[in-house]
Structure formats: structure tokens, C-alpha cells
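Data from input.cif: mmCIF, C-alpha atoms
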data_entry
loop_
_atom_site.label_atom_id
_atom_site.label_comp_id
_atom_site.auth_asym_id
_atom_site.auth_seq_id
_atom_site.Cartn_x
_atom_site.Cartn_y
_atom_site.Cartn_z
CA MET A 1 102.08 93.80 43.95
CA ARG A 2 99.19 93.45 46.34
CA ILE A 3 95.89 94.98 45.33
CA ASP A 4 95.85 97.32 48.34
CA ARG A 5 99.37 98.66 47.58
CA VAL A 6 100.52 101.21 44.99
CA ASP A 7 103.85 102.54 43.79
CA ALA A 8 105.38 104.96 46.27
CA ARG A 9 107.32 107.06 43.70
CA PRO A 10 104.46 109.50 42.83
CA VAL A 11 103.68 109.93 46.52
CA SER A 12 107.27 110.70 47.50
CA ASP A 13 107.65 113.16 44.60
CA HIS A 14 104.47 115.00 45.66
CA VAL A 15 105.63 115.21 49.31
CA GLU A 16 109.05 116.50 48.23
CA ARG A 17 107.36 119.24 46.18
CA LEU A 18 105.31 120.22 49.26
CA ILE A 19 108.47 120.35 51.33
CA ALA A 20 110.19 122.49 48.69
CA GLN A 21 107.30 124.97 48.70
CA ARG A 22 107.02 125.05 52.49
CA PRO A 23 110.54 124.45 53.85
CA ASP A 24 109.51 125.92 57.21
CA LEU A 25 107.15 123.02 57.92
CA PRO A 26 108.42 119.73 59.38
CA VAL A 27 107.54 116.45 57.76
CA ALA A 28 105.42 115.56 60.82
CA VAL A 29 102.96 118.38 59.96
CA ILE A 30 102.39 116.98 56.47
CA ALA A 31 101.97 113.47 57.92
CA ARG A 32 99.39 114.65 60.46
CA ARG A 33 97.54 116.54 57.75
CA ALA A 34 97.32 113.30 55.75
CA GLY A 35 96.17 111.30 58.77
CA THR A 36 99.24 109.06 58.85
CA THR A 37 102.08 108.64 61.29
CA PRO A 38 105.21 110.79 60.88
CA SER A 39 107.42 107.71 61.11
CA THR A 40 105.68 106.16 58.08
CA LEU A 41 106.22 109.24 55.92
CA LYS A 42 109.82 109.71 57.07
CA SER A 43 110.57 106.05 56.33
CA LEU A 44 109.07 106.43 52.86
CA LEU A 45 111.17 109.50 52.04
CA SER A 46 114.39 108.05 53.44
CA ASP A 47 113.96 104.80 51.46
CA VAL A 48 113.44 106.71 48.22
CA GLN A 49 116.47 108.92 48.84
CA ARG A 50 118.68 106.00 49.81
CA SER A 51 117.70 103.74 46.90
CA PRO A 52 116.06 105.77 44.12
CA ASP A 53 115.81 102.79 41.78
CA ALA A 54 114.42 100.35 44.34
CA ALA A 55 110.74 99.49 44.14
CA ARG A 56 108.77 100.73 47.10
CA THR A 57 105.04 100.43 47.72
CA VAL A 58 102.69 102.25 50.03
CA SER A 59 99.14 101.68 51.20
CA ARG A 60 96.54 102.81 48.68
CA ALA A 61 94.63 104.79 51.35
CA THR A 62 97.80 106.51 52.60
CA ALA A 63 98.81 107.40 49.06
CA ALA A 64 95.37 108.90 48.35
CA ARG A 65 95.50 111.09 51.45
CA LEU A 66 99.03 112.33 50.74
CA LEU A 67 98.31 113.07 47.08
CA ALA A 68 95.18 115.02 48.08
CA ILE A 69 97.18 117.56 50.09
CA ALA A 70 97.61 120.93 48.38
CA PRO A 71 100.04 123.62 49.52
CA ALA A 72 97.10 125.80 50.55
CA ASP A 73 95.88 123.05 52.91
CA LEU A 74 99.00 123.22 55.02
CA PRO A 75 98.90 125.39 58.15
CA HIS A 76 100.33 128.89 58.04
CA ARG A 77 101.75 130.82 60.95
CA ASP A 78 99.46 133.80 60.36
CA ARG A 79 96.47 132.26 58.57
CA GLY A 80 96.04 128.95 60.41
CA TYR A 81 95.15 126.21 57.95
CA GLY A 82 95.77 128.36 54.88
CA GLY A 83 93.04 130.72 56.05
CA ARG A 84 90.59 127.80 56.12
CA SER A 85 90.31 127.20 59.89
CA THR A 86 87.05 127.44 61.77
CA ASP A 87 85.67 127.10 65.28
CA ALA A 88 85.88 123.47 66.38
CA THR A 89 83.09 123.60 68.98
CA PRO A 90 80.08 122.55 66.80
CA ALA A 91 81.93 119.68 65.12
CA LEU A 92 83.38 118.33 68.36
CA ARG A 93 80.06 118.56 70.19
CA HIS A 94 78.66 116.44 67.40
CA VAL A 95 81.50 113.98 67.91
CA ARG A 96 80.81 113.84 71.65
CA GLU A 97 77.13 113.09 70.96
CA LEU A 98 78.12 110.27 68.60
CA LEU A 99 80.43 108.76 71.21
CA THR A 100 77.62 108.92 73.80
CA GLU A 101 74.92 107.42 71.56
CA HIS A 102 77.17 104.69 70.14
CA PRO A 103 79.39 103.27 72.91
CA HIS A 104 81.03 100.82 70.50
CA LEU A 105 82.56 103.74 68.56
CA SER A 106 86.01 104.96 69.54
CA GLN A 107 87.75 108.25 68.87
CA ALA A 108 90.20 106.42 66.63
CA ALA A 109 87.37 105.05 64.46
CA LEU A 110 85.79 108.50 64.06
CA ALA A 111 89.16 110.07 63.31
CA ARG A 112 89.78 107.53 60.54
CA ALA A 113 86.30 108.10 59.14
CA ALA A 114 86.92 111.87 59.05
CA SER A 115 90.43 111.45 57.54
CA MET A 116 92.17 113.19 60.41
CA SER A 117 94.71 112.10 62.96
CA LEU A 118 93.62 110.71 66.31
CA THR A 119 95.91 113.08 68.23
CA THR A 120 94.31 116.12 66.58
CA LEU A 121 90.79 114.91 67.36
CA ALA A 122 91.64 113.94 70.93
CA ALA A 123 93.39 117.27 71.65
CA ALA A 124 90.53 119.25 70.15
CA LEU A 125 87.95 117.26 72.16
CA HIS A 126 89.93 117.87 75.34
CA ASP A 127 90.08 121.63 74.72
CA VAL A 128 86.39 121.95 73.84
CA ASP A 129 85.33 119.87 76.85
CA ALA A 130 87.45 122.14 79.06
CA GLY A 131 85.82 125.25 77.57
CA ARG A 132 88.96 126.50 75.84
CA PRO A 133 88.77 128.07 72.35
CA ARG A 134 89.93 125.74 69.60
CA THR A 135 90.04 125.92 65.82
CA ILE A 136 90.46 123.11 63.31
CA GLN A 137 90.62 122.95 59.55
CA LYS A 138 87.25 123.75 57.99
CA ALA A 139 87.35 120.68 55.77
CA ALA A 140 87.97 118.48 58.82
CA ALA A 141 85.10 120.15 60.66
CA ASP A 142 82.79 119.51 57.71
CA ARG A 143 83.80 115.84 57.59
CA LEU A 144 83.14 115.47 61.32
CA LEU A 145 79.72 117.11 61.04
CA ALA A 146 78.88 114.79 58.13
CA LEU A 147 79.40 111.68 60.26
CA GLY A 148 76.04 110.05 60.89
CA ASN A 149 74.33 112.33 58.35
CA ARG A 150 75.77 112.24 54.85
CA THR A 151 78.59 109.88 55.84
CA PRO A 152 77.65 106.56 57.46
CA LEU A 153 79.16 105.76 60.81
CA PRO A 154 81.94 103.17 60.97
CA GLU A 155 80.66 99.68 61.53
CA ARG A 156 81.64 97.69 64.54
CA ALA A 157 85.01 96.16 63.86
CA ALA A 158 84.98 92.39 63.62
CA ARG A 159 87.12 90.45 66.04
CA ARG A 160 90.57 89.77 64.72
CA SER A 161 91.44 86.20 63.80
CA ASP A 162 94.32 86.09 66.31
CA THR A 163 92.11 86.94 69.32
CA VAL A 164 89.83 84.95 71.60
CA ASP A 165 87.11 85.80 74.09
CA ALA A 166 88.60 87.65 77.08
CA GLN A 167 85.94 86.55 79.57
CA HIS A 168 87.91 83.45 80.64
CA VAL A 169 91.01 85.59 81.24
CA VAL A 170 89.01 88.05 83.35
CA GLU A 171 87.59 85.20 85.43
CA ARG A 172 91.04 83.68 86.01
CA ILE A 173 92.45 87.02 87.18
CA ARG A 174 89.51 87.53 89.56
CA GLU A 175 89.97 84.01 90.91
CA LEU A 176 93.66 84.61 91.62
CA GLN A 177 92.96 87.97 93.26
CA LEU A 178 90.34 86.37 95.51
CA ARG A 179 92.73 83.57 96.53
CA TYR A 180 95.85 85.67 97.03
CA ASP A 181 96.79 88.84 98.81
CA ARG A 182 98.99 91.30 96.90
CA ALA A 183 97.94 89.79 93.55
CA SER A 184 97.76 92.86 91.33
CA THR A 185 97.10 92.65 87.63
CA ALA A 186 100.67 93.76 86.95
CA PHE A 187 102.06 90.97 89.18
CA ILE A 188 99.87 88.35 87.50
CA ALA A 189 101.09 89.61 84.12
CA LYS A 190 104.70 89.31 85.32
CA VAL A 191 104.12 85.73 86.44
CA ALA A 192 102.46 84.94 83.12
CA GLN A 193 105.39 86.58 81.28
CA VAL A 194 103.24 89.05 79.37
CA ASN A 195 103.47 92.82 79.15
CA PRO A 196 101.50 94.35 82.09
CA SER A 197 100.26 97.27 79.96
CA THR A 198 99.08 94.86 77.25
CA LEU A 199 97.04 92.87 79.78
CA ALA A 200 95.65 96.01 81.42
CA SER A 201 94.62 97.46 78.05
CA ALA A 202 92.90 94.20 77.08
CA LEU A 203 90.93 94.21 80.34
CA ILE A 204 89.88 97.83 79.83
CA ASP A 205 88.76 97.06 76.26
CA HIS A 206 86.78 94.07 77.51
CA GLU A 207 85.08 96.22 80.15
CA ARG A 208 84.05 98.76 77.53
CA ASP A 209 82.96 96.18 74.97
CA ALA A 210 82.62 92.54 76.00
CA ARG A 211 82.83 91.47 72.36
CA ARG A 212 86.39 92.75 72.08
CA GLY A 213 88.90 89.92 72.19
CA ILE A 214 92.34 89.39 73.65
CA ASN A 215 95.44 88.10 71.92
CA THR A 216 95.51 84.31 71.80
CA ASP A 217 99.05 84.01 73.16
CA VAL A 218 98.35 86.43 76.03
CA ALA A 219 95.20 84.51 76.95
CA ARG A 220 97.07 81.19 76.86
CA ARG A 221 99.82 82.47 79.16
CA VAL A 222 97.40 83.96 81.71
CA LEU A 223 95.15 80.89 81.76
CA ALA A 224 98.23 78.73 82.45
CA VAL A 225 98.78 80.53 85.80
CA HIS A 226 97.15 78.56 88.61
CA ASP A 227 99.35 79.57 91.58
CA LEU A 228 101.29 82.72 92.42
CA PRO A 229 104.73 82.87 94.06
CA PRO A 230 105.72 85.32 96.83
CA PRO A 231 105.28 88.20 97.49
CA ALA A 232 101.70 87.18 96.66
CA PHE A 233 100.44 85.05 99.53
CA GLU A 234 97.45 82.75 99.61
CA ARG A 235 94.75 84.42 101.63
CA PRO A 236 94.06 82.20 104.67
CA SER A 237 90.76 82.77 106.39
CA HIS A 238 92.06 81.85 109.86
CA VAL A 239 94.84 84.46 110.09
CA THR A 240 94.09 87.08 112.74
CA GLU A 241 95.70 90.37 113.73
CA THR A 242 96.84 88.68 116.95
CA GLY A 243 98.63 85.99 114.97
CA LEU A 244 100.26 88.55 112.69
CA LEU A 245 101.54 90.51 115.68
CA ARG A 246 102.87 87.31 117.27
CA ARG A 247 104.68 86.41 114.07
CA LEU A 248 106.23 89.87 113.84
CA ARG A 249 107.41 89.78 117.46
CA ALA A 250 108.66 86.21 117.11
CA MET A 251 110.86 87.16 114.16
CA CYS A 252 112.27 90.04 116.21
CA ALA A 253 112.94 87.61 119.07
CA ALA A 254 114.82 85.39 116.59
CA GLY A 255 117.16 88.27 115.76
CA TRP A 256 115.53 89.92 112.75
CA THR A 257 115.18 93.68 112.60
CA LEU A 258 112.08 95.40 111.28
CA PRO A 259 113.79 96.60 108.06
CA ALA A 260 115.02 93.03 107.39
CA ILE A 261 111.50 91.66 107.92
CA ALA A 262 110.07 94.34 105.61
CA LEU A 263 112.65 93.49 102.94
CA ALA A 264 111.78 89.78 103.12
CA GLY A 265 108.09 90.63 102.82
CA ALA A 266 108.55 93.16 99.99
CA THR A 267 107.10 96.05 101.99
CA THR A 268 108.35 98.98 104.06
CA ALA A 269 109.29 99.15 107.72
CA LYS A 270 106.82 102.03 108.14
CA SER A 271 103.93 99.78 107.07
CA LEU A 272 104.89 97.24 109.73
CA THR A 273 105.29 99.97 112.34
CA ASP A 274 101.85 101.35 111.50
CA PHE A 275 100.39 97.86 111.90
CA THR A 276 101.94 97.39 115.36
CA ARG A 277 100.45 100.73 116.38
CA THR A 278 96.95 100.36 114.91
CA ARG A 279 96.65 96.54 115.13
CA THR A 280 94.71 96.71 111.85
CA SER A 281 96.09 94.80 108.88
CA THR A 282 95.66 95.48 105.19
CA PRO A 283 96.03 92.77 102.54
CA SER A 284 99.47 94.17 101.71
CA VAL A 285 100.69 94.06 105.32
CA ARG A 286 99.14 90.65 105.91
CA GLY A 287 100.84 89.21 102.85
CA ALA A 288 104.17 90.84 103.78
CA ILE A 289 104.20 89.39 107.31
CA LEU A 290 103.18 85.92 106.15
CA THR A 291 105.81 85.96 103.39
CA ALA A 292 108.53 87.08 105.79
CA TRP A 293 107.39 84.46 108.31
CA SER A 294 107.72 81.67 105.75
CA ARG A 295 111.24 82.85 104.89
CA LEU A 296 112.72 83.88 108.25
CA SER A 297 110.97 81.96 111.03
CA HIS A 298 113.13 78.85 110.64
CA GLN A 299 116.53 80.59 110.80
CA PRO A 300 118.18 82.89 113.38
CA GLY A 301 118.65 86.53 112.52
CA PRO A 302 121.94 88.44 112.62
CA SER A 303 120.87 91.22 115.00
CA HIS A 304 121.82 90.65 118.66
CA ARG A 305 120.26 94.00 119.52
CA ALA A 306 116.86 92.92 118.15
CA ARG A 307 117.15 89.68 120.13
CA ARG A 308 118.00 91.53 123.37
CA ARG A 309 115.18 94.04 122.95
CA ALA A 310 112.68 91.25 122.25
CA ALA A 311 113.88 89.37 125.34
CA ALA A 312 113.51 92.51 127.45
CA LYS A 313 109.92 92.82 126.26
CA ALA A 314 109.30 89.08 126.85
CA TRP A 315 108.40 88.37 123.23
CA ASP A 316 108.12 84.70 122.35
CA PRO A 317 110.37 83.28 119.59
CA PRO A 318 109.04 81.31 116.59
CA LEU A 319 109.54 77.96 118.36
CA ALA A 320 107.06 78.98 121.03
CA TRP A 321 104.17 78.89 118.56
CA ASP A 322 102.48 76.21 116.48
CA GLU A 323 100.82 77.04 113.16
CA HIS A 324 97.43 75.84 114.42
CA SER A 325 97.52 77.96 117.58
CA ILE A 326 99.44 81.13 116.75
CA ASP A 327 96.30 82.85 115.45
CA ASP A 328 94.20 81.85 118.46
CA PRO A 329 94.00 84.84 120.84
CA ASP A 330 93.43 82.46 123.79
CA ALA A 331 96.38 80.16 123.01
CA ALA A 332 99.47 80.19 125.22
CA PRO A 333 103.02 79.92 123.85
CA ASN A 334 104.79 76.58 124.02
CA GLY A 335 107.66 76.02 126.45
CA THR A 336 107.54 79.37 128.23
CA ARG A 337 107.89 79.99 131.92
CA THR A 338 106.69 82.95 133.96
CA PRO A 339 109.57 84.72 135.77
CA GLY A 340 109.66 84.41 139.54
CA PHE A 341 107.89 81.04 139.78
CA PRO A 342 109.59 77.65 139.88
CA GLN A 343 108.73 74.90 137.45
CA ARG A 344 107.03 71.88 138.99
CA TRP A 345 108.48 68.86 137.26
CA ASP A 346 106.98 65.39 137.19
CA THR A 347 107.87 62.20 135.39
CA CYS A 348 105.45 62.60 132.46
CA LEU A 349 106.44 66.21 131.82
CA LEU A 350 110.16 65.42 131.86
CA GLN A 351 109.72 62.40 129.57
CA HIS A 352 107.76 64.55 127.14
CA GLU A 353 110.52 67.18 127.07
CA LEU A 354 113.25 64.56 126.65
CA ALA A 355 111.37 62.93 123.76
CA PHE A 356 111.16 66.32 122.08
CA PHE A 357 114.84 67.22 122.48
CA THR A 358 116.27 63.80 121.65
CA ARG A 359 114.56 63.93 118.24
CA TYR A 360 117.15 66.56 117.36
CA GLY A 361 120.14 64.53 118.53
CA LEU A 362 120.67 66.11 121.97
CA SER A 363 122.09 64.01 124.77
CA HIS A 364 120.33 63.69 128.12
CA SER A 365 122.91 65.88 129.84
CA GLU A 366 122.40 68.62 127.27
CA CYS A 367 118.63 68.29 127.69
CA PHE A 368 118.91 68.58 131.47
CA ARG A 369 121.09 71.66 131.13
CA ARG A 370 118.60 73.33 128.80
CA LEU A 371 115.71 72.48 131.08
CA GLY A 372 117.49 73.87 134.13
CA LEU A 373 117.55 70.52 135.96
CA SER A 374 120.45 68.89 137.72
CA THR A 375 121.33 65.36 136.66
CA ARG A 376 120.51 63.96 140.12
CA ARG A 377 117.07 65.61 140.18
CA ALA A 378 116.29 64.46 136.65
CA ARG A 379 117.21 60.86 137.46
CA GLU A 380 115.00 60.93 140.54
CA LEU A 381 112.07 62.09 138.42
CA LEU A 382 112.70 59.47 135.76
CA SER A 383 112.98 56.65 138.28
CA ALA A 384 109.75 57.65 140.08
CA PRO A 385 106.47 56.08 138.83
CA PRO A 386 104.44 58.53 136.68
CA ALA A 387 101.31 60.06 138.18
CA PRO A 388 98.28 58.74 136.26
CA GLU A 389 96.39 61.99 136.45
CA THR A 390 99.23 64.10 135.08
CA ASP A 391 99.00 64.68 131.37
CA ARG A 392 100.33 68.09 130.49
CA THR A 393 103.28 69.77 128.87
CA THR A 394 104.87 73.14 129.16
CA ALA A 395 102.36 74.40 126.60
CA THR A 396 99.41 73.57 128.94
CA LEU A 397 100.75 74.60 132.33
CA GLU A 398 98.30 75.91 134.81
CA ASN A 399 98.24 79.51 135.88
CA PRO A 400 101.64 80.32 137.41
CA LYS A 401 99.83 82.00 140.32
CA ASP A 402 98.43 78.58 141.25
CA GLN A 403 101.93 77.09 141.17
CA ARG A 404 103.51 79.34 143.78
CA PRO A 405 105.19 77.03 146.33
CA SER A 406 104.08 77.11 149.92
CA PRO A 407 106.53 78.87 152.28
CA ARG A 408 106.89 75.56 154.17
CA GLN A 409 107.56 73.61 150.95
CA PRO A 410 110.82 74.80 149.34
CA PRO A 411 111.42 73.81 145.73
CA ALA A 412 113.02 70.48 145.08
CA PRO A 413 116.79 70.36 144.50
CA GLY A 414 117.64 71.05 140.87
CA ASP A 415 114.40 72.96 140.12
CA SER A 416 114.60 76.66 139.35
CA ALA A 417 114.21 78.76 142.45
CA PRO A 418 112.20 81.98 142.36
CA GLY A 419 115.28 84.14 142.15
CA GLN A 420 117.04 81.88 139.65
CA ALA A 421 114.39 81.34 136.95
CA PRO A 422 115.31 82.78 133.55
CA ALA A 423 113.14 85.52 132.11
CA ARG A 424 111.63 83.23 129.47
CA ARG A 425 112.88 79.78 128.74
CA ALA A 426 111.95 79.83 125.03
CA SER A 427 113.55 83.22 124.40
CA MET A 428 117.09 82.12 125.22
CA ARG A 429 119.63 81.36 122.56
CA PRO A 430 120.30 77.72 121.63
CA GLY A 431 123.01 76.20 123.70
CA GLN A 432 122.45 78.38 126.79
CA PRO A 433 121.58 76.63 130.03
CA GLY A 434 117.85 76.71 130.58
CA SER A 435 117.07 77.40 126.94
CA LEU A 436 114.23 75.60 125.18
CA ALA A 437 115.24 76.74 121.70
CA CYS A 438 116.12 73.96 119.31
CA PRO A 439 117.05 73.54 115.64
CA GLY A 440 113.48 72.87 114.47
CA LYS A 441 109.85 73.51 115.36
CA ARG A 442 107.74 71.30 117.55
#

Any chance you could put this one into C-alpha cells?
Amino acid sequence: MRIDRVDARPVSDHVERLIAQRPDLPVAVIARRAGTTPSTLKSLLSDVQRSPDAARTVSRATAARLLAIAPADLPHRDRGYGGRSTDATPALRHVRELLTEHPHLSQAALARAASMSLTTLAAALHDVDAGRPRTIQKAAADRLLALGNRTPLPERAARRSDTVDAQHVVERIRELQLRYDRASTAFIAKVAQVNPSTLASALIDHERDARRGINTDVARRVLAVHDLPPPAFERPSHVTETGLLRRLRAMCAAGWTLPAIALAGATTAKSLTDFTRTRTSTPSVRGAILTAWSRLSHQPGPSHRARRRAAAKAWDPPLAWDEHSIDDPDAAPNGTRTPGFPQRWDTCLLQHELAFFTRYGLSHSECFRRLGLSTRRARELLSAPPAPETDRTTATLENPKDQRPSPRQPPAPGDSAPGQAPARRASMRPGQPGSLACPGKR
């Protein structure tokens, strides 16, 4: 038998005698009076009743507290603690002063030093601080008042052998939260496969007392996290509100509804609606839009209604934007055409468009159909010598107002006439004549 353990038989016999004398009291009351947990006492009694001859041990301190309980010490419905209760205000004010003067002390440490339960001390402190009348057992009040006077205060607990310094864990969590949007402590704990409440409690303990440690296994798991998966998103410094709005509209133009975008970004449709109205993004909304963009921008959505509404509002699809220009407020979308103005084709521009489309396996005839050019007109452009000063694509077209044809110069055959130009070339569905959409991004 260990030196800090004693035989449980005398303790169980004494508790059973107390129960026989006070059958109206539950076992939990006796356990709280002894400063132990009700589950410990109930387990002790059930083990003795189930196996009377089996050897059972109990902590020496627990046994001493249980054996010290007399029937008169137990609470009575009419007389409180056997007529031995007193006003708790002086003792608990003393406890509050001790907690203020010695920040390293906790309520649990003072409760153990006064041989009373933590729940009783915490409830009494709460009532006294709120100005409500409260009584406690006179013996407990005397023990509390003796703390720091006749009874020495508990010493600072030494760090447990299975803990390490928590400062490195705190620094890693701060680093991740600075790098990522939507990186809460609970999410980091989930990625590290540790209990979120355990990690949060360790951080609170470290904030109160930097010398408190954290469990070695918890620290090892958290320190092993270097990157976070979605919905946490790395915080890019170049992302602007304009770029976020363009991404949101582009996903709608691709056929994704607002609820579907919110679901992909792990947020709510109301948050996205509020952003479109205020044009002010929070880290949560920014991370949600960027996460949804990474998941949905490369595939068409199922909603034809969302696609039609986006086309009616002339919103550009994802293919109209490049990652390096979508956040630039002065950037123009790629491959778009202003309604009502014909496109002026030249040899360099057509060759550039053909080189882009043929990378995805499209034939020349399919390319001409998507570009809105007749085969004869396209061949004339390709056979003509390129103009040396022309070096532009549909992403760098001049102002459409400067491209209005002269009344005496009708558009060339095969080009889009003013009344025939589609609303936006890039917003059409793949496969439609005049559409610039393609299977991949430029």
C-alpha cells in the first residue's frame, strides 16, 4: 500500500453511520462537507457494498476529512450547519483581499487550504460580491480568516512534470492568426486535433500566470501546425473591396447563387448581401469570398437564373479577370465588348485570340464563331500583313467611344454591326456564337 493511501473500510463505515443518523441528507452533502467530490464518495460506498471483502484504499487526506465529520456538523433544515452557521461577509472579504494581493493564488488553492469545497467558496464569494446575504459554517469561516495569519498561505504550485512553457504555443497561435483570416483559437485547436476548451483554458492560465505550463502533447500538436486549411484563408495584403465585389459578381455570372457561394465560403448569404451594400469587408467576409472563389470560379454553376440576372446587369464572369488585375480598381476585364459598338479586328488581335483558343483544342471555325467573325473575313485578316504599331488585345482596347465608326465607313463584312453586337462577349455561355468563355482561365 502506498504511503499516501489508507484502508477505506473505517471511512465507509463512518459515512454509513452518518447516513443512518441523517437519512434525509444526500451523499453529496456529506461529500461537500468533507471537501471531496460526490462521485468519489459514491464510488467508495458502492465498491464496499458490492465487494465487502475486497481491499479498497482511499487518499489519506480524504479519509481524514471524512472521519472528522460529526453528525452535528451536517446542515439542518432549521438550524443551518447544526446551529453553527455565521455571516460569511467578513471571511469572504478577507479571501477577496488575499486574491487581490497574491495574484498567483486561485480560489481552488484557498478552498483546499480552508478544507472546503471550491463550489461553496465560489458561490459564497459571488453572493457577497453581489451584496446578497450569505451564511457559511462557522468553522469554515474561522479557517478562511486564519489564512495568511495563523495559517500560512499555499505556496505557488510547481510546474507539473508533463507540462512545458506555453509561450511558444501562444506565439504560434498569434502567428497563424496574423497570417490567416478566420483563424480562431477553436479552429486552430481543431486543426491540431486537440480539445478547443483545453487549449483555451491553457491560454487563459498562461495570461494569468506566465509560469503556468501547458500539456506537452497539446503543445506538440499545436506547434506542428504551420498552415491552415479552408475556411481559414491566408490574408493577402493586395486584396481590395473592389476585387472582392468583382469575385462575387463573377461567381454569380458563372451560375452560382448567393446561398451557394455562402455555403462554399462557410458564411451566410446575409453577410455577403451586407458586403455588397456597404462595400466594407470584415476578415470573415473576406475569407469567405476568397474561399468560395478558390472552389467555384473554375466550374460553372447550376443556376440559369443567376446567370441570366448577372448577364442583365453586365457582370463579368471569372474568365474576364486575371489574379494580378482583379483587385486593381483601374483594371478592365479581359475579352469584353461594349454593346452598340463594333469590334475593330486586325491581324495581330485575331492571331492573339486564335492562339488563346487553340490552346484548349478548338478548331479555327469554332474560334471564328465564338469571336463573331465570318470565315471569309477572318481569312482576309490572317492573310493581310500585320500592322507594326498594333500591339493590343481585347483586354487593352481603347475607349469604345473612340472606336465608333464614321457614318461614311460601314463596318467590314463579318464584324459585329452596332445592332448585332452581343451584350458582353465574355458573359455568354461556352459554345454560343460570339462567346469568349472557354474551359480554363487565360

**Message:** Since I can't run it myself right now, could you work out what the PyMOL selection byres ((chain A and resi 307-313) around 7) selects here and report it as a list in words?
**Reply:** Cys252, Ala253, Ala254, Gly255, Ser303, His304, Arg305, Ala306, Ala314, Trp315 and Ser427 of chain A

**Message:** Just checking: using only C-alpha atoms, which residue out of A:Val285, A:Ala20, A:Ala232, A:Ala141 ends up closest to Tyr180 in chain A?
**Reply:**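 Looking at the shortest contact to Tyr180 in chain A, the residue is A:Ala232.
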
**Request:** Would you mind listing what lies within 12 Å of Leu176 in chain A as a list in words, with all atoms listed in the file counted and same-chain residues fewer than 5 positions away left out?
**Result:**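 Here the answer would be Val169, Val170, Glu171, Asp181, Arg182, Ala183, Ser184, Thr185, Phe187, Ile188, Ala189, Val191, Val222, Leu223, Ala224, Val225, His226, Asp227, Leu228, Pro229, Ala232, Phe233, Glu234 and Arg235 of chain A.
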
**Request:** Could you please determine the separation between CA of Thr216 in chain A and CA of Ala109 in chain A in Å, to one decimal place?
**Result:** 23.5 Å

**Message:** Assuming the chain letters and numbering stay as they are in my file, what does the PyMOL selection byres ((chain A and resi 276) around 12) actually select? List them as a ChimeraX atom specification.
**Reply:** /A:241-249,258,269-275,277-281,285-286,289

Name the residues captured by the PyMOL selection byres ((chain A and resi 120-123) around 10) when it is applied to the shown file; answer as a PDB file with C-alpha atoms, keeping the file's coordinate frame.
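Produced file result04.pdb, reproduced below:
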ATOM      1  CA  ARG A  32      99.390 114.650  60.460  1.00  0.00           C
ATOM      2  CA  ARG A  33      97.540 116.540  57.750  1.00  0.00           C
ATOM      3  CA  GLY A  35      96.170 111.300  58.770  1.00  0.00           C
ATOM      4  CA  ALA A  88      85.880 123.470  66.380  1.00  0.00           C
ATOM      5  CA  LEU A  92      83.380 118.330  68.360  1.00  0.00           C
ATOM      6  CA  VAL A  95      81.500 113.980  67.910  1.00  0.00           C
ATOM      7  CA  GLN A 107      87.750 108.250  68.870  1.00  0.00           C
ATOM      8  CA  ALA A 108      90.200 106.420  66.630  1.00  0.00           C
ATOM      9  CA  LEU A 110      85.790 108.500  64.060  1.00  0.00           C
ATOM     10  CA  ALA A 111      89.160 110.070  63.310  1.00  0.00           C
ATOM     11  CA  ALA A 114      86.920 111.870  59.050  1.00  0.00           C
ATOM     12  CA  MET A 116      92.170 113.190  60.410  1.00  0.00           C
ATOM     13  CA  SER A 117      94.710 112.100  62.960  1.00  0.00           C
ATOM     14  CA  LEU A 118      93.620 110.710  66.310  1.00  0.00           C
ATOM     15  CA  THR A 119      95.910 113.080  68.230  1.00  0.00           C
ATOM     16  CA  ALA A 124      90.530 119.250  70.150  1.00  0.00           C
ATOM     17  CA  LEU A 125      87.950 117.260  72.160  1.00  0.00           C
ATOM     18  CA  HIS A 126      89.930 117.870  75.340  1.00  0.00           C
ATOM     19  CA  ASP A 127      90.080 121.630  74.720  1.00  0.00           C
ATOM     20  CA  VAL A 128      86.390 121.950  73.840  1.00  0.00           C
ATOM     21  CA  ASP A 129      85.330 119.870  76.850  1.00  0.00           C
ATOM     22  CA  ARG A 134      89.930 125.740  69.600  1.00  0.00           C
ATOM     23  CA  ILE A 136      90.460 123.110  63.310  1.00  0.00           C
ATOM     24  CA  ALA A 140      87.970 118.480  58.820  1.00  0.00           C
ATOM     25  CA  LEU A 144      83.140 115.470  61.320  1.00  0.00           C
TER      26      LEU A 144
END

**Prompt:** Contacts of Cys367 in chain A at 8 Å or less, counting all atoms listed in the file, minus same-chain residues fewer than 6 places along, as a list in words?
**Reply:**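 What passes the distance filter is Leu354, Phe357 and Thr358 of chain A.
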
**Request:** Could you pull out every residue with an atom within 12 Å of (87.8, 84.9, 79.0), file coordinates, counting all atoms listed in the file, and send them as a PyMOL selection string?
**Result:** chain A and resi 163-174+202-203+206-207+210-216+218-220+222-223

As AutoDock Vina command-line options, please report the centre and edge lengths, rounded to one decimal in Å, of the axis-aligned box that holds all listed atoms of range 179-184 of chain A with 5 Å of padding on each of the six sides.
--center_x 95.9 --center_y 88.2 --center_z 95.1 --size_x 16.3 --size_y 19.3 --size_z 17.5

**Prompt:** What does the distance from CA of Arg22 in chain A to CA of Pro71 in chain A come to in Å, to one decimal?
**Reply:** 7.7 Å

**Request:** Have a look at CA of Asp142 in chain A and CA of Asp4 in chain A and let me know their distance in Å, one decimal.
**Result:**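 Answer for the CA of Asp142 in chain A to CA of Asp4 in chain A separation: 27.4 Å.
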
**Request:** Using all atoms listed in the file, find all polymer residues with an atom at most 12 Å away from the point (113.1, 93.2, 103.5); report them as a VMD selection string.
**Result:** chain A and resid 231 256 to 272 288 to 289 291 to 293 295 to 296

I'd like the contact shell of Thr135 in chain A - 8 Å cut-off, all atoms listed in the file, skipping same-chain residues fewer than 2 positions apart - returned as a CSV table (one decimal) with C-alpha atoms, in the frame of the given file.
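File result35.csv, as written:
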chain,number,residue,atom,x,y,z
A,85,SER,CA,90.3,127.2,59.9
A,86,THR,CA,87.0,127.4,61.8
A,87,ASP,CA,85.7,127.1,65.3
A,88,ALA,CA,85.9,123.5,66.4
A,89,THR,CA,83.1,123.6,69.0
A,124,ALA,CA,90.5,119.2,70.2
A,133,PRO,CA,88.8,128.1,72.4
A,137,GLN,CA,90.6,123.0,59.6
